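Trainee: Pasting coords-v9.pdb below, which is PDB, C-alpha atoms.
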```pdb
ATOM      1  CA  MET Z1235       0.000   0.000   0.000
ATOM      2  CA  LEU Z1236       1.296   3.455  -0.872
ATOM      3  CA  PRO Z1237       2.073   5.800   2.007
ATOM      4  CA  ARG Z1238      -0.508   8.586   2.267
ATOM      5  CA  LEU Z1239       0.780  12.025   3.192
ATOM      6  CA  GLN Z1240      -1.656  13.888   5.439
ATOM      7  CA  LYS Z1241       0.116  17.034   6.609
ATOM      8  CA  SER Z1242       3.138  19.087   5.698
ATOM      9  CA  GLU Z1243       4.766  22.263   6.937
ATOM     10  CA  TYR Z1244       7.558  24.382   5.513
ATOM     11  CA  ARG Z1245      10.442  24.624   8.000
ATOM     12  CA  GLY Z1246      12.859  26.940   6.176
ATOM     13  CA  ASP Z1247      15.558  26.487   3.552
ATOM     14  CA  TYR Z1248      14.665  23.192   1.829
ATOM     15  CA  ARG Z1249      13.239  21.465   4.908
ATOM     16  CA  ILE Z1250       9.682  20.178   5.204
ATOM     17  CA  TRP Z1251       7.943  18.464   8.116
ATOM     18  CA  LEU Z1252       5.719  15.587   6.981
ATOM     19  CA  GLN Z1253       3.072  13.445   8.659
ATOM     20  CA  PHE Z1254       1.751  10.266   7.052
ATOM     21  CA  ALA Z1255      -1.570   8.502   7.691
ATOM     22  CA  ASP Z1256       0.141   5.673   9.621
ATOM     23  CA  GLY Z1257       1.586   8.175  12.123
ATOM     24  CA  VAL Z1258       5.122   8.338  10.722
ATOM     25  CA  GLU Z1259       6.312  11.940  10.864
ATOM     26  CA  GLY Z1260       9.481  13.960  10.754
ATOM     27  CA  GLU Z1261      11.492  16.587   8.961
ATOM     28  CA  ILE Z1262      13.288  16.036   5.666
ATOM     29  CA  ASP Z1263      15.761  18.182   3.740
ATOM     30  CA  LEU Z1264      15.240  18.117  -0.028
ATOM     31  CA  GLU Z1265      18.112  20.383  -1.080
ATOM     32  CA  SER Z1266      20.059  17.517  -2.697
ATOM     33  CA  GLU Z1267      16.978  16.466  -4.705
ATOM     34  CA  LEU Z1268      16.524  19.784  -6.543
ATOM     35  CA  TRP Z1269      18.063  18.944  -9.904
ATOM     36  CA  GLY Z1270      16.622  18.415 -13.360
ATOM     37  CA  GLU Z1271      14.178  20.419 -15.432
ATOM     38  CA  MET Z1272      11.247  20.246 -12.981
ATOM     39  CA  PHE Z1273      13.155  20.732  -9.740
ATOM     40  CA  GLU Z1274      15.877  23.293 -10.632
ATOM     41  CA  PRO Z1275      13.377  26.211 -10.382
ATOM     42  CA  LEU Z1276      12.607  25.136  -6.804
ATOM     43  CA  LYS Z1277      16.098  26.200  -5.730
ATOM     44  CA  ASP Z1278      14.398  29.597  -5.383
ATOM     45  CA  LYS Z1279      13.256  29.221  -1.771
ATOM     46  CA  SER Z1280      10.086  31.263  -2.297
ATOM     47  CA  LEU Z1281       9.046  28.804  -5.043
ATOM     48  CA  PHE Z1282      10.129  25.802  -2.984
ATOM     49  CA  ALA Z1283       7.970  26.959  -0.048
ATOM     50  CA  ASP Z1284       4.887  27.135  -2.297
ATOM     51  CA  PHE Z1285       4.077  23.387  -2.134
ATOM     52  CA  THR Z1286       0.767  21.787  -1.215
ATOM     53  CA  VAL Z1287      -0.413  18.271  -0.424
ATOM     54  CA  ASP Z1288      -2.411  17.090  -3.429
ATOM     55  CA  ALA Z1289      -5.796  15.765  -2.246
ATOM     56  CA  GLU Z1290      -5.841  12.922  -4.767
ATOM     57  CA  LEU Z1291      -2.168  11.936  -4.963
ATOM     58  CA  ARG Z1292      -1.540  12.492  -1.223
ATOM     59  CA  THR Z1293       1.960  13.817  -1.856
ATOM     60  CA  LEU Z1294       3.797  17.130  -2.235
ATOM     61  CA  VAL Z1295       3.179  19.096  -5.423
ATOM     62  CA  TRP Z1296       4.388  22.493  -6.643
ATOM     63  CA  PRO Z1297       2.669  24.989  -8.984
ATOM     64  CA  ASN Z1298       5.236  24.297 -11.747
ATOM     65  CA  GLY Z1299       4.045  20.667 -11.929
ATOM     66  CA  ALA Z1300       6.858  19.132  -9.882
ATOM     67  CA  ASP Z1301       5.896  16.417  -7.421
ATOM     68  CA  LEU Z1302       7.616  13.731  -5.389
ATOM     69  CA  ALA Z1303       6.308  10.189  -5.014
ATOM     70  CA  PRO Z1304       4.862   9.546  -1.549
ATOM     71  CA  GLU Z1305       6.981   6.412  -1.153
ATOM     72  CA  PHE Z1306      10.130   8.469  -1.867
ATOM     73  CA  LEU Z1307       9.191  10.948   0.878
ATOM     74  CA  TYR Z1308       8.310   8.128   3.282
ATOM     75  CA  LYS Z1309      11.641   6.439   2.641
ATOM     76  CA  LYS Z1310      13.431   9.695   3.549
ATOM     77  CA  LEU Z1311      11.910   9.288   7.029
ATOM     78  CA  ARG Z1312      12.174   5.489   7.185
ATOM     79  CA  PRO Z1313      15.241   4.427   5.152
ATOM     80  CA  GLY Z1314      14.445   0.704   5.464
ATOM     81  CA  TYR Z1315      10.983   1.094   3.932
ATOM     82  CA  GLU Z1316      10.196  -1.145   0.954
ATOM     83  CA  LEU Z1317       7.000  -0.872  -1.070
ATOM     84  CA  LYS Z1318       5.383  -4.292  -1.011
ATOM     85  CA  PRO Z1319       2.500  -5.479  -3.154
ATOM     86  CA  GLU Z1320      -0.817  -5.916  -1.408
ATOM     87  CA  THR Z1321      -1.551  -9.516  -0.544
ATOM     88  CA  ARG Z1322      -4.884 -10.760  -1.718
ATOM     89  CA  THR Z1323      -6.818 -13.481   0.020
ATOM     90  CA  GLY Z1324      -9.444 -15.761  -1.388
ATOM     91  CA  ALA Z1325      -9.863 -17.515  -4.686
ATOM     92  CA  ALA Z1326      -9.231 -15.649  -7.904
TER      93      ALA Z1326
END
```
I need this file expressed as structure tokens, please.

Mentor:
Amino acid sequence: MLPRLQKSEYRGDYRIWLQFADGVEGEIDLESELWGEMFEPLKDKSLFADFTVDAELRTLVWPNGADLAPEFLYKKLRPGYELKPETRTGAA
């Protein structure tokens, strides 16, 4: 199951506090992730701070179209995290 981001808060520079639906929370620093066509503009801290939590995707998104996968953000807080397929029970 994909991690679901519930809350976020800008903490200055390139740091964001995150809280996921399962209770995992903490602060991450994304400065080293700001490379490439979509993320280079976010080196401007006023643009970086303008993120929201997308209601459908449940992850961080920016007005320029940049977003980060929720499992990537979760793994920043829990380095040992591995996305596992859902197990299905019953006959197919």

Trainee: Any chance you could resolve the PyMOL selection byres ((chain Z and resi 1287-1291) around 9) against this file and give the residues as a PyMOL selection string?

Mentor: chain Z and resi 1238-1242+1285-1286+1292-1296+1303-1304

Trainee: List the neighbours of Trp1251 in chain Z out to 7 Å using all atoms listed in the file; skip same-chain residues closer than 6 positions along the sequence, and give me the result as a PyMOL selection string.

Mentor: chain Z and resi 1242-1245+1260-1262

Trainee: Could you tell me which of Z:Asp1278, Z:Glu1271, Z:Asp1284, Z:Glu1259 comes closest to Arg1312 in chain Z if we count only C-alpha atoms?

Mentor: Z:Glu1259

Trainee: Using the chain letters and numbers from the file, which residues does the PyMOL selection byres ((chain Z and resi 1282) around 12) grab, as a compact mmCIF listing (two decimals) with C-alpha atoms, in the frame of the given file?

Mentor:
```txt
# COMPACT_ATOMS: atom_id res chain seq x y z
CA GLU Z 1243 4.77 22.26 6.94
CA TYR Z 1244 7.56 24.38 5.51
CA ARG Z 1245 10.44 24.62 8.00
CA GLY Z 1246 12.86 26.94 6.18
CA ASP Z 1247 15.56 26.49 3.55
CA TYR Z 1248 14.66 23.19 1.83
CA ARG Z 1249 13.24 21.46 4.91
CA ILE Z 1250 9.68 20.18 5.20
CA ASP Z 1263 15.76 18.18 3.74
CA LEU Z 1264 15.24 18.12 -0.03
CA GLU Z 1265 18.11 20.38 -1.08
CA GLU Z 1267 16.98 16.47 -4.70
CA LEU Z 1268 16.52 19.78 -6.54
CA MET Z 1272 11.25 20.25 -12.98
CA PHE Z 1273 13.16 20.73 -9.74
CA GLU Z 1274 15.88 23.29 -10.63
CA PRO Z 1275 13.38 26.21 -10.38
CA LEU Z 1276 12.61 25.14 -6.80
CA LYS Z 1277 16.10 26.20 -5.73
CA ASP Z 1278 14.40 29.60 -5.38
CA LYS Z 1279 13.26 29.22 -1.77
CA SER Z 1280 10.09 31.26 -2.30
CA LEU Z 1281 9.05 28.80 -5.04
CA ALA Z 1283 7.97 26.96 -0.05
CA ASP Z 1284 4.89 27.14 -2.30
CA PHE Z 1285 4.08 23.39 -2.13
CA THR Z 1286 0.77 21.79 -1.22
CA LEU Z 1294 3.80 17.13 -2.24
CA VAL Z 1295 3.18 19.10 -5.42
CA TRP Z 1296 4.39 22.49 -6.64
CA PRO Z 1297 2.67 24.99 -8.98
CA ASN Z 1298 5.24 24.30 -11.75
CA GLY Z 1299 4.04 20.67 -11.93
CA ALA Z 1300 6.86 19.13 -9.88
CA ASP Z 1301 5.90 16.42 -7.42
```

Trainee: So how many Å separate CA of Leu1317 in chain Z and CA of Ser1266 in chain Z, to one decimal?

Mentor: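 Spanning CA of Leu1317 in chain Z to CA of Ser1266 in chain Z is a straight-line distance of 22.6 Å.
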
Trainee: Which residue gives the smallest distance to Leu1236 in chain Z among Z:Lys1310, Z:Ala1255, Z:Glu1305, Z:Glu1316, with all atoms listed in the file counted?

Mentor: Z:Glu1305
